[in-house]
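Participant: Before I ask anything, here is the structure I am working with.
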Amino acid sequence: MRYAPLLALALGLLATPSVAQPEFFFGNGQDPVFREEDMDKRFAKTRLNRALREGTQDANCAQVVGAMFTLLGETGALFHKRDENFMLEPVLVQALSTQLVSQRFPGNAFFVAMVRRVLIDKKLPPEWLVTAQALAPYYPAIDLAKLRFLSDGVKPLDSFLLTLPVLRERYNEDVVRATSVAASTAEALFRDNYLDHELAFAGLEVVDVRLEKPKKKRLKKGEEPEKPYMVARLVWVEPETPSEAQYEFQFGKPRKRAKVDITAKLAESQYVDLNKLLRGTKVLLRGRFWEYKKGITSVEMRDALVFPERDWTKVSGLVDPMALEACPLAINDLTGLAPLQPGAFGTRR
């Protein structure tokens, strides 16, 4: 991951070519390697890093640190093996570039440095988690579940590019539109290419979560019976297009939107309290893409983790501009290229 431009990709801006091959989604099979560079060593000496490790008593800086932890949790749940890029929702990319960047504080560079620290260490620094937990009551946007997930070690997806809508698009291109000469092998080839990968599906709605007992079967000698397991049943409904959402009154029957039913056998250890997960909650699901029904009308996931999603379009802001200006640690001690700026805390570089 290079420092030059911020390599945060917005999911809504990704355009997959219709002729995309599996390599487009999964790369060349070689996981990216993150090694410490000079900028990483500089970051370790910054005031922001000190606040991440030790906390802050400054109310203005608490907003800055809280925003950084919030962004880190959102992107950390979608780290992947394909390449060095990382994912951040378009709304959060906009918030980062407009609310955490000023003449004296390159918040985007600091955020990349935080992401690199986690990827180099292969986990969230334990001191950062302690700080985030102490800050969370005062900055509720922080998703502690996602930060705890990172603190147990980075577990990258095979690709964050292969979302559920993209998977349906690939099925339509590779199988549905296959000619007669290719139809006999198209389904099998699709299964070989895309099944059994670690993926993440966003925008799912909880239908139910329940404890299920495995089907009884005759056990072989020395074989232990399978334990009951938690299963989440979810649904993905095709979002309205901008033109559909724009008009309140429409003539005729509304267009029937596609939906996909998802059954997820959950991992034994979860980072959220499943007892508090309500029907209708929007969630992100991470797990192994295990099976599907023809047409991608239903999907089965295994060893899955579930995280509630927040509608960031309804969040007014991550940092108040005055708080960023007044925070004494929001200075450019990472690159040392900021112009001289007079302010309430004296002249700083």
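In the structure tokens, chains take letters A, B, ... by order of appearance, with residues numbered from 1 within each chain and ligands from 1 in the order shown.
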Pull the strand (DSSP E or B) assignments for segment 51-264 of chain A out of DSSP run on the backbone, and list those residues as a PyMOL selection string.
Facilitator: chain A and resi 80+86-87+101+106+157+198-212+229-237+259-264
Participant: Return as a compact mmCIF listing (two decimals) with C-alpha atoms, in the first residue's frame the full set of residues in segment 99-210 of chain A whose backbone-based DSSP assignment is helix (DSSP H, G or I).
Facilitator:
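Output (out-v9.txt):
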# COMPACT_ATOMS: atom_id res chain seq x y z
CA GLN A 99 -13.83 16.63 7.88
CA GLY A 107 -6.00 13.21 8.16
CA ASN A 108 -6.04 10.95 5.12
CA ALA A 109 -2.29 10.29 5.43
CA PHE A 110 -2.69 9.55 9.14
CA PHE A 111 -5.54 7.16 8.39
CA VAL A 112 -3.44 5.27 5.83
CA ALA A 113 -0.68 5.07 8.46
CA MET A 114 -3.15 3.54 10.93
CA VAL A 115 -4.29 0.98 8.37
CA ARG A 116 -0.67 0.11 7.57
CA ARG A 117 0.14 -0.32 11.27
CA VAL A 118 -2.63 -2.90 11.62
CA LEU A 119 -1.62 -4.72 8.43
CA ILE A 120 2.07 -4.76 9.35
CA ASP A 121 1.36 -6.05 12.88
CA PRO A 126 -3.88 -3.88 22.06
CA GLU A 127 -3.34 -0.36 23.45
CA TRP A 128 -5.53 1.03 20.65
CA LEU A 129 -8.39 -1.26 21.64
CA VAL A 130 -8.13 -0.14 25.27
CA THR A 131 -8.30 3.49 24.16
CA ALA A 132 -11.26 2.84 21.85
CA GLN A 133 -13.16 1.06 24.64
CA ALA A 134 -12.59 3.98 26.99
CA LEU A 135 -13.66 6.47 24.32
CA LEU A 144 -16.11 -1.92 19.07
CA ALA A 145 -17.18 -5.28 17.63
CA LYS A 146 -15.18 -4.64 14.46
CA LEU A 147 -12.19 -3.38 16.44
CA ARG A 148 -12.28 -6.49 18.67
CA PHE A 149 -12.37 -8.55 15.48
CA LEU A 150 -9.18 -6.80 14.32
CA SER A 151 -7.54 -7.20 17.72
CA LEU A 164 -23.56 -10.13 -3.85
CA PRO A 165 -24.74 -7.81 -6.68
CA VAL A 166 -21.48 -8.43 -8.55
CA LEU A 167 -21.78 -12.18 -7.98
CA ARG A 168 -25.26 -12.12 -9.53
CA GLU A 169 -23.90 -10.11 -12.44
CA ARG A 170 -21.11 -12.63 -12.98
CA TYR A 171 -23.63 -15.50 -12.93
CA ASN A 172 -25.75 -13.75 -15.53
CA GLU A 173 -22.72 -13.14 -17.77
CA ASP A 174 -21.02 -16.51 -17.32
CA VAL A 175 -23.99 -18.89 -17.09
CA VAL A 176 -27.30 -17.35 -18.13
CA SER A 180 -25.64 -23.64 -26.30
CA VAL A 181 -22.14 -24.89 -26.98
CA ALA A 182 -20.90 -23.61 -23.58
CA ALA A 183 -24.06 -24.21 -21.53
CA SER A 184 -23.13 -27.78 -20.55
CA THR A 185 -20.02 -26.65 -18.66
CA ALA A 186 -20.86 -23.06 -17.72
CA GLU A 187 -22.51 -23.88 -14.37
CA ALA A 188 -19.71 -26.22 -13.28
CA LEU A 189 -17.06 -23.68 -14.27
CA PHE A 190 -18.82 -20.93 -12.33
CA ARG A 191 -18.87 -23.13 -9.23
CA ASP A 192 -15.18 -23.93 -9.60
CA ASN A 193 -14.31 -20.26 -10.00
CA TYR A 194 -16.34 -18.68 -7.22
Participant: So, counting only C-alpha atoms, which residue among A:Leu219, A:Leu277, A:Leu305, A:Ala62 is closest to Leu324 of chain A?
Facilitator: A:Ala62
Participant: Select, from A:Leu71, A:Val101, A:Ala202, A:Leu318, the residue with the minimum atom-to-atom distance to Gly287 of chain A, counting only C-alpha atoms.
Facilitator: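 Result for the nearest residue to Gly287 of chain A: A:Ala202.
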Participant: With a distance cut-off of 9 Å and only C-alpha atoms, select the neighbouring residues of Asn60 of chain A, excluding the residue or stretch itself and same-chain residues fewer than 3 positions from it, and output the selection as a list of chain:residue names.
Facilitator: A:Gln57, A:Gln63, A:Val64, A:Val319, A:Asp320, A:Met322, A:Ala323, A:Leu324, A:Glu325, A:Ala326, A:Cys327, A:Pro328
Participant: What does the distance between atom CA of Arg82 of chain A and atom CA of Asn28 of chain A come to in Å, to one decimal place?
Facilitator: 7.6 Å
Participant: By how many Å are atom CA of Leu266 of chain A and atom CA of Asp303 of chain A apart?
Facilitator: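 Atom CA of Asp303 of chain A lies at a distance of 5.1 Å from atom CA of Leu266 of chain A.
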Participant: With only C-alpha atoms as the atoms that count, which of A:Leu234, A:Ala77, A:Ile296, A:Met301 lies nearest to Lys265 of chain A?
Facilitator: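 Closest residue, counting only C-alpha atoms: A:Met301.
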Participant: Expressed in Å to a single decimal, how great is the separation between atom CA of Pro225 of chain A and atom CA of Ala267 of chain A?
Facilitator: 17.7 Å
Participant: Which residue, A:Ala200, A:Val306, A:Leu52, A:Ala264, has the smallest gap to Leu157 of chain A when you use only C-alpha atoms?
Facilitator: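 Among A:Ala200, A:Val306, A:Leu52, A:Ala264, it is A:Ala200 that comes nearest to Leu157 of chain A.
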Participant: Contacts of Ser159 of chain A at 8 Å or less, counting only C-alpha atoms, minus same-chain residues fewer than 2 places along, as a VMD selection string?
Facilitator: chain A and resid 25 to 26 80 to 82 157 161 to 162 198 to 199
